[in-house]
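These notes are about the structure you will find just below.
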Amino acid sequence: MFKVGDVKEIALDDGSVKPLKMKTLSLKPLMFEIPNFLSADECAHYIKVAKEVGLEESLTISPEIALQRFRLMDINQDKLLSMEEMMLTIQGAMDVFLDKEDVLKMYNETNFDQNHDGSINEEESKQFTPADMRTYVEDLVKDSPEKRSRYSEEVWLTDENSVEDTIFQSLKERIAKVTQLAPQIIKRSDFQVLKYDIKGHYNVHYDSSQKLNIAKYPCCKHRGEKGCRYCRFMTVMVYLNDVEKGGETAFIVAGNETVDHKYIFLNQMTNVYKECDAAMLKVKPELGKMVMWYNHLVDQDTNWIGELDENSLHGGCGVTKGEKWIGNFWITVSDEVEKDLDSVVETTKDEL
Ligand SMILES: [Ca+2]
Ligand SMILES: [Ca+2]
């Protein structure tokens with residue numbers, strides 16, 4: 001069994017002199033770190049390739065969807081929207097995290113709060129539509145990207161643009177070795193390189209989907225299919241540089257017995273840009289270091305991907321000095337458990 005703080009040595013059969021040292025960071029979610037998983041040259045390689053292929057701004061929610069899911073969050077049902085309720089309304093619809101000063105400024109600049117009492121009544125809410133609010137908020141985040149749920153640039157490195165890349169192919173073998181998963185599973189997973197500038201961050205989220213949504217989303221998404229859910233059994237993240245300040249990966253409920261989503265939402269705990277220090281577990285970026293964790297529990301019957309591990313909720317804290325580069329390997333499995341398991345059994349045989 002694993003114990004937090006334990007270090008296990010993993011010898012690589014690729015001619016490396018030193019074995020890797022895998023340390024257990026958490027049991028909920030099950031999570032490990034391996035320093036020097038990539039060499040400085042390998043890190044530089046991925047940054048160079050990412051720049052060559054070209055990074056694009058990471059997308060957040062589209063304006064159309066923001067309007068579709070717009071709900072006034074009158075949580076105490078007094079038919080008045082308080083300042084906090086307005087903050088949650090904008091967060092819920094637009095993935096933008098305003099503070100009280102921002103809301104007050106919006107009221108002042110738009111005459112939304114006509115009677116100037118700091119809250120919005122039914123009459124006032126009719127004058128200022130969700131579309132008006134969206135336009136205002138979109139303008140605001142242009143100058144204040146730290147208020148968005150996510151601020152980064154990204155590029156996918158796939159077999160199509162990197163099949164000739166022997167460094168990339170050997171990384172996959174190394175990942176197969178440390179995760180003890182079949183190379184076939186690693187091979188069909190996606191690798192993404194991300195760059196965070198100053199104020200770059202990613203508020204708290206899950207990397208995978210709940211399995212209980214299986215009726216609504218019956219298939220496992222592998223790049224872009226519509227109507228499927230994410231089946232990212234594990235996340236393997238590598239830090240490609242040393243960050244001067246900030247940019248920790250924060251697991252806000254690691255090790256907690258229960259995860260109270262309502263409490264987390266109402267207290268804006270998902271905003272790691274502001275609340276990074278409150279996280280239960282923080283991993284500092286370090287050139288070449290890898291962290292990996294299970295996004296899902298293991299199903300007792302199939303011994304394979306089970307329900308989402310609610311403790312895997314995490315985010316990337318704000319970069320306050322320098323820039324941050326990471327690579328994310330999302331280990332995606334399928335609903336064809338037998339097929340996935342067959343390939344694992346084959347690997348295990350090889351090792352015997
Ligand atoms: Ca209210
Ligand atoms: Ca008012």
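Chain identifiers are assigned as A, B, and so on, following the order in which chains appear in the structure tokens; residues are numbered from 1 within each chain, and ligands are numbered from 1 in order of appearance.
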Problem set entry | Sel. of strand (DSSP E) residues, range 109-263 of chain A, as a PyMOL selection string | chain A and resi 120-121+150-151+153-157+190-196+201-205+219-220+228-229+232-239+245-246+249-251
Writer output for current selection, N, CA and C atoms, as a CSV table (one decimal), in the first residue's frame:
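Result went into out_34.csv, see below:
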chain,number,residue,atom,x,y,z
A,120,ILE,N,-29.9,44.3,-6.4
A,120,ILE,CA,-30.7,44.4,-7.6
A,120,ILE,C,-32.0,43.8,-7.3
A,121,ASN,N,-33.1,44.6,-7.5
A,121,ASN,CA,-34.4,44.1,-7.3
A,121,ASN,C,-35.0,43.6,-8.7
A,150,ARG,N,-9.6,31.2,-16.4
A,150,ARG,CA,-8.4,30.5,-17.0
A,150,ARG,C,-7.7,31.5,-17.9
A,151,TYR,N,-6.4,31.6,-17.8
A,151,TYR,CA,-5.6,32.5,-18.6
A,151,TYR,C,-4.3,31.9,-19.0
A,153,GLU,N,-2.0,30.0,-22.7
A,153,GLU,CA,-2.0,29.6,-24.1
A,153,GLU,C,-1.6,28.2,-24.2
A,154,GLU,N,-2.0,27.5,-25.3
A,154,GLU,CA,-1.8,26.1,-25.4
A,154,GLU,C,-1.6,25.6,-26.8
A,155,VAL,N,-1.0,24.4,-26.9
A,155,VAL,CA,-0.9,23.7,-28.2
A,155,VAL,C,-0.9,22.2,-28.0
A,156,TRP,N,-1.5,21.5,-28.9
A,156,TRP,CA,-1.6,20.1,-28.8
A,156,TRP,C,-0.4,19.5,-29.6
A,157,LEU,N,0.3,18.6,-29.0
A,157,LEU,CA,1.4,17.9,-29.7
A,157,LEU,C,0.8,16.4,-29.9
A,190,ASP,N,-3.6,12.3,-25.1
A,190,ASP,CA,-3.2,13.6,-25.7
A,190,ASP,C,-2.2,14.3,-24.8
A,191,PHE,N,-1.3,15.0,-25.5
A,191,PHE,CA,-0.3,15.8,-24.9
A,191,PHE,C,-0.4,17.2,-25.3
A,192,GLN,N,-0.5,18.1,-24.3
A,192,GLN,CA,-0.7,19.5,-24.5
A,192,GLN,C,0.4,20.3,-23.8
A,193,VAL,N,0.9,21.3,-24.4
A,193,VAL,CA,1.9,22.2,-23.8
A,193,VAL,C,1.2,23.5,-23.5
A,194,LEU,N,1.3,24.0,-22.3
A,194,LEU,CA,0.7,25.2,-21.9
A,194,LEU,C,1.7,26.3,-21.4
A,195,LYS,N,1.4,27.5,-21.8
A,195,LYS,CA,2.3,28.6,-21.3
A,195,LYS,C,1.4,29.6,-20.5
A,196,TYR,N,1.9,29.9,-19.3
A,196,TYR,CA,1.2,30.9,-18.5
A,196,TYR,C,2.2,32.1,-18.3
A,201,HIS,N,-3.2,31.7,-15.0
A,201,HIS,CA,-3.7,30.8,-13.9
A,201,HIS,C,-4.8,29.9,-14.5
A,202,TYR,N,-5.2,29.0,-13.7
A,202,TYR,CA,-6.4,28.1,-14.1
A,202,TYR,C,-7.1,27.8,-12.8
A,203,ASN,N,-8.3,28.4,-12.7
A,203,ASN,CA,-9.1,28.1,-11.4
A,203,ASN,C,-9.5,26.7,-11.3
A,204,VAL,N,-10.0,26.3,-10.2
A,204,VAL,CA,-10.2,24.9,-9.8
A,204,VAL,C,-11.1,24.2,-10.8
A,205,HIS,N,-10.8,23.0,-11.1
A,205,HIS,CA,-11.6,22.2,-12.1
A,205,HIS,C,-11.2,20.7,-11.9
A,219,CYS,N,-20.4,7.9,-24.5
A,219,CYS,CA,-19.1,7.5,-25.0
A,219,CYS,C,-17.9,8.3,-24.3
A,220,CYS,N,-16.7,7.8,-24.5
A,220,CYS,CA,-15.5,8.5,-24.0
A,220,CYS,C,-14.9,9.3,-25.1
A,228,CYS,N,-19.7,13.2,-26.0
A,228,CYS,CA,-19.0,12.2,-25.2
A,228,CYS,C,-18.5,12.9,-23.9
A,229,ARG,N,-18.2,12.1,-22.9
A,229,ARG,CA,-17.6,12.6,-21.7
A,229,ARG,C,-16.1,12.3,-21.6
A,232,ARG,N,-10.5,10.6,-18.6
A,232,ARG,CA,-9.1,10.8,-18.3
A,232,ARG,C,-8.7,10.1,-17.0
A,233,PHE,N,-8.4,8.9,-17.1
A,233,PHE,CA,-8.1,8.1,-15.9
A,233,PHE,C,-7.0,8.7,-15.0
A,234,MET,N,-6.0,9.2,-15.7
A,234,MET,CA,-4.9,9.8,-15.0
A,234,MET,C,-4.4,11.1,-15.7
A,235,THR,N,-3.8,12.0,-14.9
A,235,THR,CA,-3.2,13.2,-15.5
A,235,THR,C,-1.7,13.1,-15.2
A,236,VAL,N,-0.8,13.2,-16.2
A,236,VAL,CA,0.6,13.3,-16.0
A,236,VAL,C,1.0,14.7,-16.4
A,237,MET,N,1.5,15.5,-15.4
A,237,MET,CA,1.9,16.9,-15.7
A,237,MET,C,3.4,17.0,-15.5
A,238,VAL,N,4.0,17.6,-16.5
A,238,VAL,CA,5.5,17.9,-16.3
A,238,VAL,C,5.7,19.4,-16.3
A,239,TYR,N,6.5,19.9,-15.4
A,239,TYR,CA,6.9,21.3,-15.4
A,239,TYR,C,8.1,21.5,-16.3
A,245,LYS,N,8.2,33.0,-9.6
A,245,LYS,CA,7.3,33.2,-8.4
A,245,LYS,C,5.9,32.8,-8.8
A,246,GLY,N,5.2,32.0,-7.9
A,246,GLY,CA,3.8,31.6,-8.2
A,246,GLY,C,3.7,30.4,-9.1
A,249,THR,N,0.7,24.2,-8.5
A,249,THR,CA,-0.5,23.4,-8.8
A,249,THR,C,-1.2,23.1,-7.4
A,250,ALA,N,-2.4,23.5,-7.3
A,250,ALA,CA,-3.1,23.5,-6.0
A,250,ALA,C,-4.2,22.5,-6.0
A,251,PHE,N,-4.2,21.6,-5.0
A,251,PHE,CA,-5.3,20.6,-4.8
A,251,PHE,C,-6.0,21.0,-3.6
For this session: Please extract the residues at most 9 Å from ligand 1, counting only C-alpha atoms and all ligand atoms, and provide them as a PyMOL selection string, using the chain letters and residue numbers of this document.
Result: chain A and resi 73-85+119-121
Those selected residues, please, written with N, CA and C atoms and delivered as an mmCIF file, in the first residue's frame.
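out-v5.cif, freshly written:
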data_model
loop_
_atom_site.group_PDB
_atom_site.id
_atom_site.type_symbol
_atom_site.label_atom_id
_atom_site.label_comp_id
_atom_site.auth_asym_id
_atom_site.auth_seq_id
_atom_site.Cartn_x
_atom_site.Cartn_y
_atom_site.Cartn_z
ATOM 1 N N MET A 73 -28.691 34.179 -9.450
ATOM 2 C CA MET A 73 -28.512 33.296 -8.300
ATOM 3 C C MET A 73 -29.022 33.949 -7.020
ATOM 4 N N ASP A 74 -30.339 34.000 -6.913
ATOM 5 C CA ASP A 74 -30.927 34.533 -5.693
ATOM 6 C C ASP A 74 -30.978 33.396 -4.681
ATOM 7 N N ILE A 75 -29.854 33.156 -4.026
ATOM 8 C CA ILE A 75 -29.691 31.949 -3.222
ATOM 9 C C ILE A 75 -30.609 31.936 -2.001
ATOM 10 N N ASN A 76 -30.773 33.078 -1.337
ATOM 11 C CA ASN A 76 -31.674 33.099 -0.168
ATOM 12 C C ASN A 76 -33.130 33.409 -0.555
ATOM 13 N N GLN A 77 -33.402 33.487 -1.851
ATOM 14 C CA GLN A 77 -34.760 33.650 -2.393
ATOM 15 C C GLN A 77 -35.532 34.813 -1.774
ATOM 16 N N ASP A 78 -34.871 35.971 -1.614
ATOM 17 C CA ASP A 78 -35.587 37.135 -1.090
ATOM 18 C C ASP A 78 -35.940 38.106 -2.225
ATOM 19 N N LYS A 79 -35.827 37.624 -3.452
ATOM 20 C CA LYS A 79 -36.151 38.426 -4.638
ATOM 21 C C LYS A 79 -35.263 39.659 -4.789
ATOM 22 N N LEU A 80 -34.125 39.605 -4.138
ATOM 23 C CA LEU A 80 -33.115 40.668 -4.274
ATOM 24 C C LEU A 80 -31.786 39.990 -4.563
ATOM 25 N N LEU A 81 -31.005 40.580 -5.448
ATOM 26 C CA LEU A 81 -29.691 40.014 -5.714
ATOM 27 C C LEU A 81 -28.651 40.837 -4.945
ATOM 28 N N SER A 82 -28.082 40.215 -3.907
ATOM 29 C CA SER A 82 -27.058 40.908 -3.121
ATOM 30 C C SER A 82 -25.762 40.950 -3.937
ATOM 31 N N MET A 83 -24.794 41.637 -3.395
ATOM 32 C CA MET A 83 -23.492 41.738 -4.058
ATOM 33 C C MET A 83 -22.865 40.347 -4.270
ATOM 34 N N GLU A 84 -22.912 39.530 -3.198
ATOM 35 C CA GLU A 84 -22.335 38.175 -3.288
ATOM 36 C C GLU A 84 -23.088 37.339 -4.310
ATOM 37 N N GLU A 85 -24.418 37.486 -4.315
ATOM 38 C CA GLU A 85 -25.219 36.701 -5.267
ATOM 39 C C GLU A 85 -24.925 37.134 -6.704
ATOM 40 N N SER A 119 -28.044 46.434 -4.092
ATOM 41 C CA SER A 119 -28.580 45.139 -4.526
ATOM 42 C C SER A 119 -29.524 45.371 -5.713
ATOM 43 N N ILE A 120 -29.852 44.285 -6.384
ATOM 44 C CA ILE A 120 -30.671 44.398 -7.599
ATOM 45 C C ILE A 120 -32.041 43.791 -7.344
ATOM 46 N N ASN A 121 -33.067 44.592 -7.503
ATOM 47 C CA ASN A 121 -34.428 44.058 -7.331
ATOM 48 C C ASN A 121 -35.001 43.640 -8.690
#
Exercise. Got a sec to check which residues lie within 12 Å of ligand 2, using only C-alpha atoms and all ligand atoms, and send them as number ranges by chain?
Worked result: A: 79-83, 86, 104, 107-108, 111-128
Problem set entry | Shell of 8 Å around Lys147 in chain A, only C-alpha atoms, local chain residues under 3 positions omitted, as number ranges by chain | A: 96-98, 141, 144
May I have the selected residues written with C-alpha atoms, as a compact mmCIF listing (two decimals), in the first residue's frame?
# COMPACT_ATOMS: atom_id res chain seq x y z
CA VAL A 96 -15.49 35.23 -14.44
CA PHE A 97 -14.58 35.89 -10.81
CA LEU A 98 -15.40 39.45 -9.84
CA VAL A 141 -11.60 41.00 -18.43
CA SER A 144 -7.94 42.14 -16.09
For this session: Mind checking which residues fall within 10 Å of range 45-47 of chain A, counting only C-alpha atoms, ignoring those fewer than 2 positions away in the same chain, and posting them as a list in words?
Result: Ser39, Ala40, Asp41, Glu42, Cys43, Val49, Ala50, Lys51, Glu52, Leu157, Ile167, Phe168, Gln192, Val193, Leu194, Lys195, Leu240, Asn241, Trp325, Ile326 and Gly327 of chain A
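Distance annotation: of A:Lys211, A:Arg188, A:Lys321, A:Lys3, the residue with the minimal separation from Gly306 in chain A is A:Lys211; atom set is only C-alpha atoms.
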Problem set entry | Selected residue of minimal separation from Asn311 in chain A among A:Lys28, A:Asn213, A:Leu281, A:Thr110, counting only C-alpha atoms |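 Of A:Lys28, A:Asn213, A:Leu281, A:Thr110, the one nearest Asn311 in chain A, counting only C-alpha atoms, is A:Lys28.
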For this session: Would you please extract all helix (DSSP H, G or I) residues from range 153-188 of chain A, as assigned by DSSP on the backbone, and give them as a VMD selection string?
Result: chain A and resid 159 to 162 166 to 179 183 to 187
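Using only C-alpha atoms, the shortest contact distance between Leu20 in chain A and any of A:Lys8, A:Lys282, A:His222, A:Lys262 is found at A:Lys8.
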Exercise. So, counting only C-alpha atoms, which residue among A:Val253, A:Leu313, A:Leu140, A:Val337 is closest to Cys231 in chain A?
Worked result: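 Looking at the shortest contact to Cys231 in chain A, the residue is A:Val337.
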Exercise. When distances are computed from only C-alpha atoms, which of A:Asn328, A:Ser334, A:Asn256, A:Thr270 shows the smallest separation from Pro29 in chain A?
Worked result: A:Asn256
Exercise. Nearest to Asn303 in chain A among A:Tyr230, A:Ser62, A:Gly247, A:Glu338, with distances taken over only C-alpha atoms: which residue is it?
Worked result: A:Glu338
